[in-house]
Amino acid sequence: MMNIKGEIRHEAFELSELDAISDMLIRDYGSCKVWLFEGMLGAGKTTLIQSICKKLGVEDDINSPTFSIVNEYRTKSGDKVYHMDLYRLKGPEAAQEIGLYELADSGYFCLIEWASAIRYRPPFPHIQIDIQHQKLTRRNLEVRKYEN
């Protein structure tokens, strides 16, 4: 069973501070390569992931994988970054078919939206980022780090 390590971190930010939030997340949680993103539709999950990918050195266009389910990007240094949206998956069997478990265990950054749709929780250290829409340009962020 995974346990939360330390406190749950809460941050409130304006959308204009998105790059600073991405820097903080990479600096403080970059040792975990699997990040789960949760939040209502329109809360800003994909927008935050776009900023994180740019900070990681991705030069490709970063688009929502709502229909492709998995997008693979390359950084300037040649590393891979996987961006997934599990909202449309019907269960663990579908996750197996898209290679979720192998990708999450690849050692590359794996940024997963809607892991809760299939009740996916990695069996290794990871973080979960919950985004809540507070006002038109303001969001609340809650970060939990899970370890064995």
# chains A, B, ... in the order shown; residues from 1 in each chain; ligands from 1
call {"tool": "select_by_dssp", "arguments": {"residues": "region 18-134 of chain A", "states": "strand (DSSP E)", "output": "PDB file with C-alpha atoms, in the first residue's frame"}}
result
ATOM      1  CA  VAL A  34       4.770   9.541 -12.689  1.00  0.00           C
ATOM      2  CA  TRP A  35       2.395  12.433 -12.036  1.00  0.00           C
ATOM      3  CA  LEU A  36      -1.353  11.962 -11.826  1.00  0.00           C
ATOM      4  CA  PHE A  37      -3.552  14.977 -12.598  1.00  0.00           C
ATOM      5  CA  GLU A  38      -7.120  15.225 -11.347  1.00  0.00           C
ATOM      6  CA  VAL A  70      -1.255   8.697 -25.313  1.00  0.00           C
ATOM      7  CA  ASN A  71       0.974  11.424 -26.716  1.00  0.00           C
ATOM      8  CA  GLU A  72       4.737  10.966 -26.764  1.00  0.00           C
ATOM      9  CA  TYR A  73       6.977  14.022 -26.832  1.00  0.00           C
ATOM     10  CA  ARG A  74      10.755  14.422 -27.048  1.00  0.00           C
ATOM     11  CA  LYS A  80      10.694  11.069 -23.783  1.00  0.00           C
ATOM     12  CA  VAL A  81       7.711  12.547 -21.985  1.00  0.00           C
ATOM     13  CA  TYR A  82       4.432  10.648 -22.056  1.00  0.00           C
ATOM     14  CA  HIS A  83       1.129  12.514 -21.706  1.00  0.00           C
ATOM     15  CA  MET A  84      -1.976  10.371 -21.205  1.00  0.00           C
ATOM     16  CA  ASP A  85      -5.672  10.978 -20.765  1.00  0.00           C
ATOM     17  CA  PHE A 109       8.126  11.467 -17.172  1.00  0.00           C
ATOM     18  CA  CYS A 110       4.606  10.125 -17.456  1.00  0.00           C
ATOM     19  CA  LEU A 111       1.929  12.796 -16.982  1.00  0.00           C
ATOM     20  CA  ILE A 112      -1.480  11.156 -16.612  1.00  0.00           C
ATOM     21  CA  GLU A 113      -4.837  12.928 -16.643  1.00  0.00           C
ATOM     22  CA  HIS A 126       4.448   9.107  -7.671  1.00  0.00           C
ATOM     23  CA  ILE A 127       2.616  12.354  -7.078  1.00  0.00           C
ATOM     24  CA  GLN A 128      -0.991  13.325  -7.510  1.00  0.00           C
ATOM     25  CA  ILE A 129      -1.870  16.892  -8.442  1.00  0.00           C
ATOM     26  CA  ASP A 130      -5.452  18.008  -7.916  1.00  0.00           C
ATOM     27  CA  ILE A 131      -6.449  21.253  -9.642  1.00  0.00           C
ATOM     28  CA  GLN A 132      -9.535  23.193  -8.671  1.00  0.00           C
ATOM     29  CA  HIS A 133     -11.008  26.144 -10.492  1.00  0.00           C
ATOM     30  CA  GLN A 134     -11.382  28.966  -7.973  1.00  0.00           C
TER      31      GLN A 134
END
call {"tool": "residues_around", "arguments": {"residues": "Lys54 (chain A)", "least_positions_apart": "4", "cutoff": "12 Å", "atoms": "only C-alpha atoms", "output": "list in words"}}
result
Leu18, Asp19, Ser22, Asp23, Ile26, Thr47, Leu48, Ile49, Gln50, Val58, Glu59, Asp60, Asp61, Ile62, Tyr73, Arg74, Thr75, Lys76 and Val81 of chain A
call {"tool": "select_by_dssp", "arguments": {"residues": "chain A", "states": "helix (DSSP H, G or I)", "output": "ChimeraX atom specification"}}
result
/A:15-29,45-56,92-98,100-104,115-118
call {"tool": "closest_residue", "arguments": {"among": "A:Ile69, A:Ala115, A:Val143, A:Met40", "to": "Ile21 (chain A)", "atoms": "only C-alpha atoms"}}
result
A:Val143
call {"tool": "residues_around", "arguments": {"residues": "Ala117 (chain A)", "least_positions_apart": "6", "cutoff": "9 Å", "atoms": "only C-alpha atoms", "output": "list in words"}}
result
Leu86, Tyr87, Arg88, Leu89, Lys90 and Gly91 of chain A
call {"tool": "closest_residue", "arguments": {"among": "A:Leu41, A:Ala95, A:Leu136, A:Met24", "to": "Arg119 (chain A)", "atoms": "only C-alpha atoms"}}
result
A:Ala95
call {"tool": "closest_residue", "arguments": {"among": "A:Ala94, A:Gly99, A:Thr66, A:Ser106", "to": "Ile118 (chain A)", "atoms": "only C-alpha atoms"}}
result
A:Ala94
call {"tool": "closest_residue", "arguments": {"among": "A:Glu14, A:Tyr108, A:Ala20, A:Phe67", "to": "Gly44 (chain A)", "atoms": "only C-alpha atoms"}}
result
A:Glu14
call {"tool": "atom_distance", "arguments": {"atom1": "CA of Pro65 (chain A)", "atom2": "CA of Gln96 (chain A)"}}
result
16.9 Å
call {"tool": "atom_distance", "arguments": {"atom1": "CA of Ser31 (chain A)", "atom2": "CA of Thr46 (chain A)"}}
result
21.0 Å
call {"tool": "atom_distance", "arguments": {"atom1": "CA of Glu142 (chain A)", "atom2": "CA of Arg9 (chain A)"}}
result
5.6 Å
call {"tool": "closest_residue", "arguments": {"among": "A:Lys33, A:Arg121, A:Arg27, A:Arg139", "to": "Lys45 (chain A)", "atoms": "only C-alpha atoms"}}
result
A:Arg139
call {"tool": "closest_residue", "arguments": {"among": "A:His10, A:Glu147, A:Asn140, A:Leu103", "to": "Pro123 (chain A)", "atoms": "only C-alpha atoms"}}
result
A:Glu147
call {"tool": "decode", "arguments": {"residues": "region 10-43 of chain A", "atoms": "N, CA and C atoms", "output": "compact mmCIF listing (two decimals), in the first residue's frame"}}
result
# COMPACT_ATOMS: atom_id res chain seq x y z
N HIS A 10 -0.50 22.63 -0.49
CA HIS A 10 -1.55 23.44 -1.09
C HIS A 10 -0.94 24.71 -1.67
N GLU A 11 -1.31 25.04 -2.87
CA GLU A 11 -0.86 26.27 -3.53
C GLU A 11 -2.06 26.91 -4.22
N ALA A 12 -2.16 28.20 -4.14
CA ALA A 12 -3.14 28.95 -4.94
C ALA A 12 -2.33 29.80 -5.90
N PHE A 13 -2.79 29.89 -7.15
CA PHE A 13 -2.01 30.65 -8.11
C PHE A 13 -2.91 31.25 -9.18
N GLU A 14 -2.42 32.32 -9.76
CA GLU A 14 -3.06 32.93 -10.93
C GLU A 14 -2.51 32.24 -12.18
N LEU A 15 -3.29 32.21 -13.22
CA LEU A 15 -2.83 31.59 -14.46
C LEU A 15 -1.55 32.25 -14.98
N SER A 16 -1.36 33.52 -14.68
CA SER A 16 -0.13 34.21 -15.09
C SER A 16 1.10 33.66 -14.37
N GLU A 17 0.90 32.89 -13.31
CA GLU A 17 2.01 32.30 -12.54
C GLU A 17 2.25 30.83 -12.89
N LEU A 18 1.64 30.38 -13.97
CA LEU A 18 1.71 28.97 -14.34
C LEU A 18 3.14 28.47 -14.51
N ASP A 19 3.99 29.24 -15.16
CA ASP A 19 5.38 28.81 -15.36
C ASP A 19 6.12 28.68 -14.04
N ALA A 20 5.86 29.57 -13.10
CA ALA A 20 6.50 29.49 -11.78
C ALA A 20 6.01 28.25 -11.03
N ILE A 21 4.75 27.92 -11.16
CA ILE A 21 4.21 26.70 -10.53
C ILE A 21 4.85 25.47 -11.16
N SER A 22 5.02 25.47 -12.48
CA SER A 22 5.67 24.35 -13.16
C SER A 22 7.11 24.19 -12.69
N ASP A 23 7.83 25.29 -12.57
CA ASP A 23 9.21 25.24 -12.06
C ASP A 23 9.24 24.63 -10.66
N MET A 24 8.33 25.06 -9.79
CA MET A 24 8.28 24.56 -8.42
C MET A 24 7.99 23.05 -8.41
N LEU A 25 7.04 22.61 -9.21
CA LEU A 25 6.70 21.19 -9.26
C LEU A 25 7.88 20.35 -9.72
N ILE A 26 8.56 20.79 -10.78
CA ILE A 26 9.72 20.05 -11.29
C ILE A 26 10.84 20.04 -10.26
N ARG A 27 11.09 21.18 -9.65
CA ARG A 27 12.16 21.27 -8.64
C ARG A 27 11.87 20.38 -7.44
N ASP A 28 10.65 20.42 -6.93
CA ASP A 28 10.33 19.73 -5.69
C ASP A 28 9.90 18.28 -5.86
N TYR A 29 9.42 17.91 -7.05
CA TYR A 29 8.88 16.56 -7.24
C TYR A 29 9.45 15.86 -8.47
N GLY A 30 10.46 16.41 -9.08
CA GLY A 30 11.02 15.85 -10.30
C GLY A 30 11.63 14.47 -10.16
N SER A 31 11.93 14.06 -8.94
CA SER A 31 12.48 12.71 -8.75
C SER A 31 11.41 11.65 -8.98
N CYS A 32 10.15 12.02 -8.83
CA CYS A 32 9.04 11.12 -9.19
C CYS A 32 8.74 11.33 -10.66
N LYS A 33 8.70 10.28 -11.40
CA LYS A 33 8.48 10.41 -12.85
C LYS A 33 7.03 10.24 -13.25
N VAL A 34 6.18 9.72 -12.37
CA VAL A 34 4.77 9.54 -12.69
C VAL A 34 3.96 10.56 -11.89
N TRP A 35 3.22 11.39 -12.64
CA TRP A 35 2.40 12.43 -12.04
C TRP A 35 0.96 12.22 -12.49
N LEU A 36 0.06 12.12 -11.54
CA LEU A 36 -1.35 11.96 -11.83
C LEU A 36 -2.03 13.32 -11.67
N PHE A 37 -2.85 13.69 -12.62
CA PHE A 37 -3.55 14.98 -12.60
C PHE A 37 -5.05 14.73 -12.51
N GLU A 38 -5.68 15.34 -11.53
CA GLU A 38 -7.12 15.23 -11.35
C GLU A 38 -7.72 16.62 -11.25
N GLY A 39 -8.97 16.74 -11.62
CA GLY A 39 -9.69 18.01 -11.56
C GLY A 39 -10.85 18.00 -12.51
N MET A 40 -11.79 18.86 -12.27
CA MET A 40 -12.97 18.95 -13.13
C MET A 40 -12.57 19.35 -14.55
N LEU A 41 -13.45 19.09 -15.49
CA LEU A 41 -13.23 19.55 -16.86
C LEU A 41 -13.04 21.06 -16.85
N GLY A 42 -12.02 21.53 -17.54
CA GLY A 42 -11.76 22.97 -17.62
C GLY A 42 -10.96 23.53 -16.46
N ALA A 43 -10.53 22.69 -15.53
CA ALA A 43 -9.77 23.19 -14.38
C ALA A 43 -8.36 23.63 -14.75
